[in-house]
file structure_29.cif (mmCIF, C-alpha atoms)
data_protein
#
loop_
_atom_site.label_atom_id
_atom_site.label_comp_id
_atom_site.auth_asym_id
_atom_site.auth_seq_id
_atom_site.Cartn_x
_atom_site.Cartn_y
_atom_site.Cartn_z
CA MET I 28 16.41 3.34 -9.66
CA ALA I 29 14.66 6.43 -11.02
CA VAL I 30 13.84 9.78 -9.43
CA VAL I 31 11.04 12.22 -10.12
CA ARG I 32 10.72 15.56 -8.37
CA THR I 33 7.18 16.46 -7.43
CA GLY I 34 5.55 18.58 -4.74
CA GLY I 35 8.92 19.77 -3.50
CA VAL I 36 10.37 16.31 -2.86
CA ASP I 37 12.50 13.82 -4.78
CA VAL I 38 10.60 10.54 -5.12
CA VAL I 39 12.58 7.38 -5.88
CA TYR I 40 11.15 4.27 -7.50
CA ALA I 41 12.46 0.93 -8.69
CA ARG I 42 11.42 -0.44 -12.07
CA ALA I 43 11.80 -3.93 -13.50
CA GLY I 44 10.49 -5.94 -16.44
CA ARG I 45 8.46 -5.17 -19.53
CA GLY I 46 4.77 -5.25 -20.30
CA PRO I 47 1.66 -3.63 -18.78
CA LEU I 48 2.44 -1.28 -15.90
CA LEU I 49 1.90 -2.58 -12.36
CA VAL I 50 2.55 -0.04 -9.59
CA LEU I 51 3.02 -1.16 -5.97
CA ALA I 52 2.44 1.18 -2.99
CA HIS I 53 3.88 0.09 0.36
CA GLY I 54 2.46 0.42 3.85
CA ALA I 55 3.45 2.69 6.75
CA GLY I 56 6.78 2.02 8.37
CA SER I 57 8.21 0.37 5.26
CA ASP I 58 9.34 1.22 1.74
CA GLY I 59 9.45 -0.28 -1.74
CA ARG I 60 11.69 -3.12 -0.59
CA MET I 61 8.68 -4.84 0.96
CA TRP I 62 7.61 -5.74 -2.59
CA GLU I 63 10.83 -7.55 -3.56
CA PRO I 64 9.15 -10.97 -4.00
CA GLN I 65 6.52 -9.49 -6.32
CA VAL I 66 8.95 -7.35 -8.31
CA ASP I 67 11.18 -10.36 -8.90
CA ALA I 68 8.34 -12.72 -9.82
CA LEU I 69 6.15 -10.44 -11.94
CA ALA I 70 8.81 -8.70 -14.01
CA ASP I 71 8.57 -11.54 -16.54
CA GLU I 72 5.15 -10.26 -17.63
CA PHE I 73 4.74 -6.70 -16.34
CA THR I 74 6.63 -3.46 -15.96
CA VAL I 75 6.69 -3.50 -12.16
CA VAL I 76 7.25 -0.24 -10.28
CA ALA I 77 7.71 -0.07 -6.50
CA TRP I 78 8.04 3.43 -5.14
CA ASP I 79 9.52 4.77 -1.93
CA GLU I 80 6.84 7.28 -1.02
CA PRO I 81 7.89 10.76 0.11
CA GLY I 82 9.55 10.47 3.50
CA ALA I 83 10.38 6.76 3.09
CA GLY I 84 13.29 4.69 1.85
CA ARG I 85 15.51 6.55 -0.60
CA SER I 86 13.01 9.37 -1.23
CA GLY I 87 13.41 12.84 0.22
CA ASP I 88 11.96 14.06 3.51
CA LEU I 89 8.35 15.12 3.73
CA PRO I 90 7.74 18.80 3.11
CA ALA I 91 5.83 20.60 5.85
CA GLY I 92 2.08 20.15 5.72
CA PHE I 93 2.17 17.14 3.40
CA GLY I 94 -1.30 15.58 3.24
CA LEU I 95 -3.02 12.57 1.72
CA PRO I 96 -3.72 14.35 -1.60
CA ASP I 97 -0.01 15.22 -1.81
CA TYR I 98 0.95 11.54 -1.50
CA ALA I 99 -1.59 10.73 -4.22
CA ARG I 100 -0.25 13.45 -6.51
CA ALA I 101 3.29 12.16 -5.95
CA LEU I 102 2.20 8.66 -6.95
CA ALA I 103 0.53 10.13 -10.04
CA ALA I 104 3.82 11.81 -10.91
CA VAL I 105 5.60 8.44 -10.73
CA ILE I 106 3.05 6.84 -13.08
CA GLU I 107 3.38 9.72 -15.50
CA ASP I 108 7.18 9.59 -15.29
CA VAL I 109 7.21 5.91 -16.24
CA GLY I 110 5.08 6.79 -19.23
CA LEU I 111 3.22 3.49 -19.63
CA GLY I 112 0.00 4.36 -17.83
CA PRO I 113 -2.74 3.90 -17.05
CA ALA I 114 -1.57 1.28 -14.56
CA HIS I 115 -2.67 -1.64 -12.48
CA VAL I 116 -2.21 -0.01 -9.06
CA ALA I 117 -1.84 -2.02 -5.85
CA GLY I 118 -1.65 -0.66 -2.32
CA LEU I 119 -1.16 -2.53 0.94
CA SER I 120 -2.48 -1.09 4.21
CA TRP I 121 -1.70 2.66 4.27
CA GLY I 122 -0.62 2.27 0.66
CA GLY I 123 -4.16 1.27 -0.26
CA THR I 124 -5.54 4.46 1.24
CA VAL I 125 -3.04 6.45 -0.84
CA VAL I 126 -4.11 4.51 -3.93
CA LEU I 127 -7.78 5.29 -3.27
CA GLU I 128 -6.91 8.98 -3.10
CA LEU I 129 -5.00 8.59 -6.36
CA TYR I 130 -8.14 7.18 -7.94
CA ARG I 131 -10.17 10.09 -6.55
CA LEU I 132 -7.82 12.67 -8.05
CA ARG I 133 -6.52 10.94 -11.18
CA PRO I 134 -8.77 8.07 -12.29
CA ASP I 135 -7.32 8.43 -15.77
CA LEU I 136 -4.07 6.89 -14.52
CA VAL I 137 -5.70 3.77 -13.04
CA ARG I 138 -6.45 0.67 -15.14
CA THR I 139 -7.37 -1.56 -12.22
CA LEU I 140 -7.21 -1.33 -8.44
CA LEU I 141 -5.70 -3.97 -6.16
CA MET I 142 -6.64 -3.25 -2.55
CA VAL I 143 -4.47 -5.34 -0.21
CA ASP I 144 -5.19 -5.70 3.53
CA THR I 145 -6.12 -2.04 3.54
CA TYR I 146 -8.59 0.55 4.77
CA ALA I 147 -10.72 3.39 3.51
CA GLY I 148 -8.67 5.21 6.14
CA TRP I 149 -8.88 4.10 9.76
CA LYS I 150 -11.79 6.48 10.30
CA GLY I 151 -13.52 5.00 7.28
CA SER I 152 -13.00 1.33 8.17
CA LEU I 153 -12.55 0.87 11.92
CA PRO I 154 -14.70 1.51 15.01
CA PRO I 155 -13.96 4.83 16.75
CA GLU I 156 -12.64 3.09 19.86
CA GLU I 157 -10.14 1.12 17.78
CA VAL I 158 -8.99 4.28 16.03
CA ALA I 159 -8.52 5.97 19.41
CA ALA I 160 -6.48 3.02 20.69
CA ARG I 161 -4.25 3.10 17.62
CA VAL I 162 -3.73 6.84 17.90
CA GLU I 163 -2.66 6.40 21.52
CA GLY I 164 -0.33 3.54 20.57
CA ALA I 165 1.22 5.68 17.86
CA ARG I 166 1.67 8.55 20.32
CA ARG I 167 3.58 6.27 22.71
CA MET I 168 5.69 4.85 19.87
CA LEU I 169 6.68 8.28 18.61
CA ALA I 170 7.40 9.60 22.12
CA ALA I 171 10.19 7.06 22.62
CA PRO I 172 13.79 8.29 22.43
CA ARG I 173 15.22 7.92 18.94
CA GLU I 174 17.55 5.10 19.99
CA GLU I 175 14.54 3.17 21.34
CA PHE I 176 12.18 3.92 18.44
CA ASP I 177 10.58 0.74 17.08
CA PRO I 178 8.30 1.22 14.06
CA THR I 179 6.87 -2.32 14.22
CA LEU I 180 3.10 -2.05 14.53
CA PRO I 181 1.22 -4.75 16.46
CA GLY I 182 -0.63 -7.48 14.59
CA LEU I 183 1.26 -7.38 11.30
CA TYR I 184 1.77 -11.14 10.99
CA ALA I 185 -0.27 -14.23 11.75
CA GLU I 186 2.74 -16.09 13.12
CA GLY I 187 5.59 -13.60 13.30
CA PRO I 188 7.78 -12.10 10.59
CA PRO I 189 8.73 -14.62 7.89
CA GLU I 190 12.32 -15.71 8.46
CA ARG I 191 13.31 -15.59 4.80
CA PHE I 192 12.61 -11.85 4.70
CA ALA I 193 14.20 -11.03 8.07
CA ALA I 194 17.13 -9.14 6.56
CA VAL I 195 15.03 -6.82 4.39
CA LEU I 196 12.52 -6.25 7.21
CA ASP I 197 15.33 -5.30 9.60
CA ALA I 198 16.83 -2.97 7.00
CA MET I 199 13.51 -1.22 6.41
CA ASN I 200 12.92 -0.83 10.16
CA ARG I 201 16.31 0.81 10.61
CA ASP I 202 15.51 3.32 7.87
CA VAL I 203 12.06 4.41 9.10
CA ARG I 204 11.93 8.13 9.93
CA PRO I 205 9.76 8.77 13.00
CA GLU I 206 8.57 12.07 11.53
CA SER I 207 7.29 10.30 8.41
CA MET I 208 5.58 7.58 10.38
CA GLY I 209 3.87 10.15 12.56
CA VAL I 210 2.42 11.83 9.47
CA GLN I 211 1.33 8.51 7.95
CA LEU I 212 -0.48 7.36 11.08
CA SER I 213 -2.14 10.70 11.80
CA LEU I 214 -3.42 10.91 8.23
CA MET I 215 -4.68 7.33 8.43
CA ALA I 216 -6.53 8.10 11.64
CA GLU I 217 -8.42 10.96 10.00
CA ALA I 218 -8.94 9.52 6.51
CA ASP I 219 -12.38 8.37 5.39
CA GLU I 220 -12.53 7.32 1.75
CA THR I 221 -15.87 5.48 1.99
CA ASP I 222 -17.67 8.06 -0.17
CA LEU I 223 -15.41 7.10 -3.07
CA LEU I 224 -15.97 3.34 -2.99
CA PRO I 225 -19.37 3.17 -4.77
CA ARG I 226 -17.97 5.39 -7.55
CA ILE I 227 -15.07 3.11 -8.44
CA ALA I 228 -15.54 2.15 -12.08
CA VAL I 229 -12.45 0.03 -12.76
CA PRO I 230 -11.97 -3.69 -12.03
CA THR I 231 -11.03 -4.07 -8.38
CA LEU I 232 -9.32 -6.94 -6.57
CA LEU I 233 -9.55 -7.19 -2.79
CA LEU I 234 -6.64 -9.36 -1.64
CA TRP I 235 -6.68 -10.18 2.06
CA GLY I 236 -4.95 -12.34 4.62
CA GLU I 237 -7.47 -14.60 6.34
CA ARG I 238 -5.96 -13.82 9.75
CA ASP I 239 -5.33 -10.10 9.27
CA ALA I 240 -5.62 -8.60 12.75
CA ARG I 241 -5.06 -4.99 11.68
CA SER I 242 -7.57 -4.83 8.84
CA PRO I 243 -9.89 -7.73 9.61
CA LEU I 244 -11.86 -9.57 6.98
CA ASP I 245 -15.01 -7.62 7.84
CA VAL I 246 -13.24 -4.58 6.33
CA ALA I 247 -12.71 -6.56 3.12
CA HIS I 248 -16.40 -7.53 3.08
CA ALA I 249 -17.39 -3.88 3.54
CA PHE I 250 -15.21 -2.99 0.55
CA ARG I 251 -16.82 -5.76 -1.52
CA GLU I 252 -20.30 -4.53 -0.67
CA ALA I 253 -19.43 -0.92 -1.51
CA ILE I 254 -17.32 -1.27 -4.67
CA PRO I 255 -19.26 -2.36 -7.76
CA HIS I 256 -18.20 -5.82 -9.00
CA ALA I 257 -15.19 -6.05 -6.67
CA GLU I 258 -13.58 -9.49 -6.44
CA LEU I 259 -12.37 -10.80 -3.06
CA VAL I 260 -9.51 -13.31 -2.76
CA VAL I 261 -8.66 -14.50 0.76
CA LEU I 262 -5.23 -16.03 1.41
CA PRO I 263 -5.52 -18.74 4.08
CA ALA I 264 -3.68 -18.61 7.40
CA VAL I 265 -1.79 -15.34 6.82
CA GLY I 266 -2.04 -11.90 8.33
CA HIS I 267 -1.71 -8.25 7.38
CA MET I 268 1.58 -8.51 5.46
CA SER I 269 0.14 -11.11 3.13
CA ASN I 270 2.56 -10.41 0.29
CA LEU I 271 5.47 -11.53 2.51
CA GLU I 272 3.70 -14.26 4.47
CA ALA I 273 2.40 -16.06 1.37
CA PRO I 274 4.36 -14.53 -1.52
CA GLU I 275 3.73 -17.29 -4.04
CA ALA I 276 -0.05 -17.37 -3.53
CA PHE I 277 -0.18 -13.58 -3.36
CA THR I 278 1.77 -13.15 -6.58
CA ALA I 279 -0.32 -15.76 -8.36
CA ALA I 280 -3.51 -13.88 -7.42
CA VAL I 281 -2.10 -10.59 -8.67
CA ARG I 282 -0.93 -12.16 -11.93
CA ALA I 283 -4.28 -13.85 -12.56
CA PHE I 284 -6.26 -10.67 -11.89
CA CYS I 285 -4.09 -8.45 -14.09
CA ARG I 286 -4.14 -11.02 -16.89
CA ALA I 287 -7.91 -11.32 -16.65
CA HIS I 288 -8.23 -7.58 -17.14
CA ALA I 289 -5.72 -7.18 -19.94
CA GLU I 290 -8.45 -5.73 -22.18
CA ASP I 291 -9.28 -3.16 -19.50
CA ALA I 292 -5.60 -2.26 -19.44
CA SER I 293 -5.36 -1.80 -23.18
CA GLY I 294 -8.65 -0.06 -23.67
#
call {"tool": "encode", "arguments": {"input": "structure_29.cif", "output": "structure tokens"}}
result
Amino acid sequence: MAVVRTGGVDVVYARAGRGPLLVLAHGAGSDGRMWEPQVDALADEFTVVAWDEPGAGRSGDLPAGFGLPDYARALAAVIEDVGLGPAHVAGLSWGGTVVLELYRLRPDLVRTLLMVDTYAGWKGSLPPEEVAARVEGARRMLAAPREEFDPTLPGLYAEGPPERFAAVLDAMNRDVRPESMGVQLSLMAEADETDLLPRIAVPTLLLWGERDARSPLDVAHAFREAIPHAELVVLPAVGHMSNLEAPEAFTAAVRAFCRAHAEDASG
């Protein structure tokens, strides 16, 4: 475990392995533990870093007024603290939106992008009526008494949470701070990163669950059309949390992509 202080908050990250730097950004309502299968499997070939973003996991609480650029700057501080950048940078769901903002602000830190079951913000990727429905769902979730608060978003899995990760999923759920989740979801609702997509100039992998109900495949196709030379890999029969539903296939796709772009990483 390592800690870097940035933007008025202590940010904690886990680091394993040796080799080119691979940074993993988690989704809303979770923390770096969601990447355990990938950290364990990829540390044989990469320096794998999984952060707990500000307000999540072991990191400090969100400062007042924390916005999407602040998350991106915090992630940049982690990459700089590790000292092996630029990095292969992967983000799942909300984490992908943070990673896009990182690329907007600090493209010098990004070797390749791995966009996983993500969005160019909800505003940028979903119909307005769907965004409105999600905002209302989030309002109801956050209005519940603390003892009844359940951070589980609908449609995360194709066939329910994978049993072998039940313990870590339960632990992450218990640790979610409603205040942090409220900020994440409100920022997602307003974010629109679509202007950035045609300007992405690093190799980009789009890694999607075939049955993702939260960020459907048409979002992945829109990314592929917008990002020059983006590569799309679809994992059959899994949903939004594809790294946990099909960890072996997911990890193999990440490994193959990062290996294929080793020259991009070194140059």
call {"tool": "closest_residue", "arguments": {"input": "structure_29.cif", "among": "I:Val229, I:Asp177, I:Arg201, I:Met215", "to": "Gly94 in chain I", "atoms": "all atoms listed in the file"}}
result
I:Met215
call {"tool": "closest_residue", "arguments": {"input": "structure_29.cif", "among": "I:Arg167, I:Arg32, I:Arg138, I:Arg85", "to": "Asp108 in chain I", "atoms": "only C-alpha atoms"}}
result
I:Arg32
call {"tool": "closest_residue", "arguments": {"input": "structure_29.cif", "among": "I:Ser207, I:Thr33, I:Thr221, I:Asn270", "to": "Leu127 in chain I", "atoms": "only C-alpha atoms"}}
result
I:Thr221
call {"tool": "atom_distance", "arguments": {"input": "structure_29.cif", "atom1": "CA of Glu174 in chain I", "atom2": "CA of Asp202 in chain I"}}
result
12.4 Å
call {"tool": "residues_around", "arguments": {"input": "structure_29.cif", "residues": "Arg133 in chain I", "least_positions_apart": "2", "cutoff": "12 Å", "atoms": "all atoms listed in the file", "output": "compact mmCIF listing (two decimals) with C-alpha atoms, in the coordinates of the input"}}
result
# COMPACT_ATOMS: atom_id res chain seq x y z
CA PRO I 96 -3.72 14.35 -1.60
CA ALA I 99 -1.59 10.73 -4.22
CA ARG I 100 -0.25 13.45 -6.51
CA ALA I 101 3.29 12.16 -5.95
CA LEU I 102 2.20 8.66 -6.95
CA ALA I 103 0.53 10.13 -10.04
CA ALA I 104 3.82 11.81 -10.91
CA ILE I 106 3.05 6.84 -13.08
CA GLU I 107 3.38 9.72 -15.50
CA GLY I 112 0.00 4.36 -17.83
CA PRO I 113 -2.74 3.90 -17.05
CA ALA I 114 -1.57 1.28 -14.56
CA VAL I 116 -2.21 -0.01 -9.06
CA VAL I 125 -3.04 6.45 -0.84
CA VAL I 126 -4.11 4.51 -3.93
CA LEU I 127 -7.78 5.29 -3.27
CA GLU I 128 -6.91 8.98 -3.10
CA LEU I 129 -5.00 8.59 -6.36
CA TYR I 130 -8.14 7.18 -7.94
CA ARG I 131 -10.17 10.09 -6.55
CA ASP I 135 -7.32 8.43 -15.77
CA LEU I 136 -4.07 6.89 -14.52
CA VAL I 137 -5.70 3.77 -13.04
CA ARG I 138 -6.45 0.67 -15.14
CA ILE I 227 -15.07 3.11 -8.44
call {"tool": "residues_near_point", "arguments": {"input": "structure_29.cif", "point": "(-4.5, -1.1, -3.4)", "cutoff": "12 Å", "atoms": "all atoms listed in the file", "output": "number ranges by chain"}}
result
I: 49-54, 114-130, 137, 139-147, 230-235, 247, 250, 281
call {"tool": "atom_distance", "arguments": {"input": "structure_29.cif", "atom1": "CA of Gln211 in chain I", "atom2": "CA of Met61 in chain I"}}
result
16.8 Å
call {"tool": "closest_residue", "arguments": {"input": "structure_29.cif", "among": "I:Gly209, I:Gly82, I:Gly34, I:Gly110", "to": "Leu48 in chain I", "atoms": "only C-alpha atoms"}}
result
I:Gly110
call {"tool": "closest_residue", "arguments": {"input": "structure_29.cif", "among": "I:Trp62, I:Tyr98, I:Phe73, I:Trp78", "to": "Arg45 in chain I", "atoms": "all atoms listed in the file"}}
result
I:Phe73
call {"tool": "atom_distance", "arguments": {"input": "structure_29.cif", "atom1": "CA of Ser86 in chain I", "atom2": "CA of Val36 in chain I"}}
result
7.6 Å
call {"tool": "resolve_selection", "arguments": {"input": "structure_29.cif", "expression": "the PyMOL selection byres ((chain I and resi 165) around 12)", "output": "PyMOL selection string"}}
result
chain I and resi 55-56+158-164+166-171+176-181+205-206+208-216
call {"tool": "residues_around", "arguments": {"input": "structure_29.cif", "residues": "Asp245 in chain I", "least_positions_apart": "4", "cutoff": "10 Å", "atoms": "all atoms listed in the file", "output": "ChimeraX atom specification"}}
result
/I:152-153,249-251
call {"tool": "closest_residue", "arguments": {"input": "structure_29.cif", "among": "I:Glu272, I:Glu220, I:Glu186, I:Asp37", "to": "Leu89 in chain I", "atoms": "all atoms listed in the file"}}
result
I:Asp37
call {"tool": "resolve_selection", "arguments": {"input": "structure_29.cif", "expression": "the PyMOL selection byres ((chain I and resi 64) around 9)", "output": "JSON, numbers by chain"}}
result
{"I": [60, 61, 62, 63, 65, 66, 67, 68, 69, 270, 271, 274, 275, 278]}
call {"tool": "resolve_selection", "arguments": {"input": "structure_29.cif", "expression": "the PyMOL selection byres ((chain I and resi 239) around 8)", "output": "short mmCIF file (atom, residue, chain, number, x, y, z; two decimals) with C-alpha atoms, keeping the file's coordinate frame"}}
result
data_model
loop_
_atom_site.label_atom_id
_atom_site.label_comp_id
_atom_site.auth_asym_id
_atom_site.auth_seq_id
_atom_site.Cartn_x
_atom_site.Cartn_y
_atom_site.Cartn_z
CA ASP I 144 -5.19 -5.70 3.53
CA GLY I 182 -0.63 -7.48 14.59
CA LEU I 183 1.26 -7.38 11.30
CA TYR I 184 1.77 -11.14 10.99
CA ALA I 185 -0.27 -14.23 11.75
CA TRP I 235 -6.68 -10.18 2.06
CA GLY I 236 -4.95 -12.34 4.62
CA GLU I 237 -7.47 -14.60 6.34
CA ARG I 238 -5.96 -13.82 9.75
CA ALA I 240 -5.62 -8.60 12.75
CA ARG I 241 -5.06 -4.99 11.68
CA SER I 242 -7.57 -4.83 8.84
CA PRO I 243 -9.89 -7.73 9.61
CA LEU I 244 -11.86 -9.57 6.98
CA VAL I 265 -1.79 -15.34 6.82
CA GLY I 266 -2.04 -11.90 8.33
CA HIS I 267 -1.71 -8.25 7.38
#
call {"tool": "build_atoms", "arguments": {"input": "structure_29.cif", "residues": "range 110-121 of chain I", "atoms": "all heavy atoms", "output": "PDB file, keeping the file's coordinate frame"}}
result
ATOM      1  N   GLY I 110       5.549   6.563 -17.881  1.00  0.00           N
ATOM      2  CA  GLY I 110       5.080   6.790 -19.230  1.00  0.00           C
ATOM      3  C   GLY I 110       4.326   5.642 -19.873  1.00  0.00           C
ATOM      4  O   GLY I 110       4.086   5.648 -21.075  1.00  0.00           O
ATOM      5  N   LEU I 111       3.933   4.649 -19.097  1.00  0.00           N
ATOM      6  CA  LEU I 111       3.220   3.490 -19.630  1.00  0.00           C
ATOM      7  C   LEU I 111       1.794   3.381 -19.104  1.00  0.00           C
ATOM      8  O   LEU I 111       1.145   2.363 -19.287  1.00  0.00           O
ATOM      9  CB  LEU I 111       3.977   2.194 -19.291  1.00  0.00           C
ATOM     10  CG  LEU I 111       5.375   2.049 -19.880  1.00  0.00           C
ATOM     11  CD1 LEU I 111       6.038   0.794 -19.332  1.00  0.00           C
ATOM     12  CD2 LEU I 111       5.313   1.997 -21.397  1.00  0.00           C
ATOM     13  N   GLY I 112       1.318   4.405 -18.446  1.00  0.00           N
ATOM     14  CA  GLY I 112       0.000   4.360 -17.830  1.00  0.00           C
ATOM     15  C   GLY I 112      -1.112   4.399 -18.854  1.00  0.00           C
ATOM     16  O   GLY I 112      -0.869   4.654 -20.031  1.00  0.00           O
ATOM     17  N   PRO I 113      -2.328   4.162 -18.422  1.00  0.00           N
ATOM     18  CA  PRO I 113      -2.740   3.900 -17.050  1.00  0.00           C
ATOM     19  C   PRO I 113      -2.221   2.554 -16.537  1.00  0.00           C
ATOM     20  O   PRO I 113      -1.818   1.698 -17.323  1.00  0.00           O
ATOM     21  CB  PRO I 113      -4.261   3.936 -17.107  1.00  0.00           C
ATOM     22  CG  PRO I 113      -4.595   3.600 -18.517  1.00  0.00           C
ATOM     23  CD  PRO I 113      -3.480   4.156 -19.345  1.00  0.00           C
ATOM     24  N   ALA I 114      -2.245   2.396 -15.197  1.00  0.00           N
ATOM     25  CA  ALA I 114      -1.570   1.280 -14.560  1.00  0.00           C
ATOM     26  C   ALA I 114      -2.525   0.430 -13.731  1.00  0.00           C
ATOM     27  O   ALA I 114      -3.542   0.909 -13.227  1.00  0.00           O
ATOM     28  CB  ALA I 114      -0.467   1.817 -13.636  1.00  0.00           C
ATOM     29  N   HIS I 115      -2.159  -0.840 -13.590  1.00  0.00           N
ATOM     30  CA  HIS I 115      -2.670  -1.640 -12.480  1.00  0.00           C
ATOM     31  C   HIS I 115      -2.014  -1.062 -11.229  1.00  0.00           C
ATOM     32  O   HIS I 115      -0.773  -0.977 -11.170  1.00  0.00           O
ATOM     33  CB  HIS I 115      -2.284  -3.104 -12.619  1.00  0.00           C
ATOM     34  CG  HIS I 115      -2.739  -3.751 -13.908  1.00  0.00           C
ATOM     35  ND1 HIS I 115      -4.054  -4.061 -14.157  1.00  0.00           N
ATOM     36  CD2 HIS I 115      -2.034  -4.147 -14.995  1.00  0.00           C
ATOM     37  CE1 HIS I 115      -4.149  -4.638 -15.355  1.00  0.00           C
ATOM     38  NE2 HIS I 115      -2.944  -4.688 -15.887  1.00  0.00           N
ATOM     39  N   VAL I 116      -2.786  -0.663 -10.236  1.00  0.00           N
ATOM     40  CA  VAL I 116      -2.210  -0.010  -9.060  1.00  0.00           C
ATOM     41  C   VAL I 116      -2.617  -0.775  -7.807  1.00  0.00           C
ATOM     42  O   VAL I 116      -3.809  -0.935  -7.529  1.00  0.00           O
ATOM     43  CB  VAL I 116      -2.650   1.457  -8.943  1.00  0.00           C
ATOM     44  CG1 VAL I 116      -1.875   2.145  -7.826  1.00  0.00           C
ATOM     45  CG2 VAL I 116      -2.430   2.203 -10.255  1.00  0.00           C
ATOM     46  N   ALA I 117      -1.606  -1.252  -7.070  1.00  0.00           N
ATOM     47  CA  ALA I 117      -1.840  -2.020  -5.850  1.00  0.00           C
ATOM     48  C   ALA I 117      -1.332  -1.241  -4.648  1.00  0.00           C
ATOM     49  O   ALA I 117      -0.273  -0.616  -4.693  1.00  0.00           O
ATOM     50  CB  ALA I 117      -1.107  -3.369  -5.930  1.00  0.00           C
ATOM     51  N   GLY I 118      -2.086  -1.302  -3.550  1.00  0.00           N
ATOM     52  CA  GLY I 118      -1.650  -0.660  -2.320  1.00  0.00           C
ATOM     53  C   GLY I 118      -1.971  -1.540  -1.130  1.00  0.00           C
ATOM     54  O   GLY I 118      -3.089  -2.045  -1.004  1.00  0.00           O
ATOM     55  N   LEU I 119      -0.981  -1.733  -0.267  1.00  0.00           N
ATOM     56  CA  LEU I 119      -1.160  -2.530   0.940  1.00  0.00           C
ATOM     57  C   LEU I 119      -1.263  -1.609   2.143  1.00  0.00           C
ATOM     58  O   LEU I 119      -0.447  -0.705   2.313  1.00  0.00           O
ATOM     59  CB  LEU I 119       0.011  -3.509   1.102  1.00  0.00           C
ATOM     60  CG  LEU I 119      -0.092  -4.540   2.226  1.00  0.00           C
ATOM     61  CD1 LEU I 119       0.609  -5.849   1.837  1.00  0.00           C
ATOM     62  CD2 LEU I 119       0.489  -4.036   3.547  1.00  0.00           C
ATOM     63  N   SER I 120      -2.276  -1.827   2.966  1.00  0.00           N
ATOM     64  CA  SER I 120      -2.480  -1.090   4.210  1.00  0.00           C
ATOM     65  C   SER I 120      -2.578   0.411   3.932  1.00  0.00           C
ATOM     66  O   SER I 120      -3.418   0.840   3.141  1.00  0.00           O
ATOM     67  CB  SER I 120      -1.365  -1.456   5.195  1.00  0.00           C
ATOM     68  OG  SER I 120      -1.659  -0.990   6.486  1.00  0.00           O
ATOM     69  N   TRP I 121      -1.732   1.214   4.550  1.00  0.00           N
ATOM     70  CA  TRP I 121      -1.700   2.660   4.270  1.00  0.00           C
ATOM     71  C   TRP I 121      -1.553   2.927   2.777  1.00  0.00           C
ATOM     72  O   TRP I 121      -2.151   3.854   2.232  1.00  0.00           O
ATOM     73  CB  TRP I 121      -0.556   3.278   5.061  1.00  0.00           C
ATOM     74  CG  TRP I 121       0.074   4.509   4.510  1.00  0.00           C
ATOM     75  CD1 TRP I 121       1.316   4.587   3.935  1.00  0.00           C
ATOM     76  CD2 TRP I 121      -0.459   5.836   4.485  1.00  0.00           C
ATOM     77  NE1 TRP I 121       1.584   5.888   3.546  1.00  0.00           N
ATOM     78  CE2 TRP I 121       0.510   6.674   3.873  1.00  0.00           C
ATOM     79  CE3 TRP I 121      -1.654   6.402   4.899  1.00  0.00           C
ATOM     80  CZ2 TRP I 121       0.320   8.040   3.685  1.00  0.00           C
ATOM     81  CZ3 TRP I 121      -1.857   7.767   4.705  1.00  0.00           C
ATOM     82  CH2 TRP I 121      -0.890   8.568   4.110  1.00  0.00           C
TER      83      TRP I 121
END
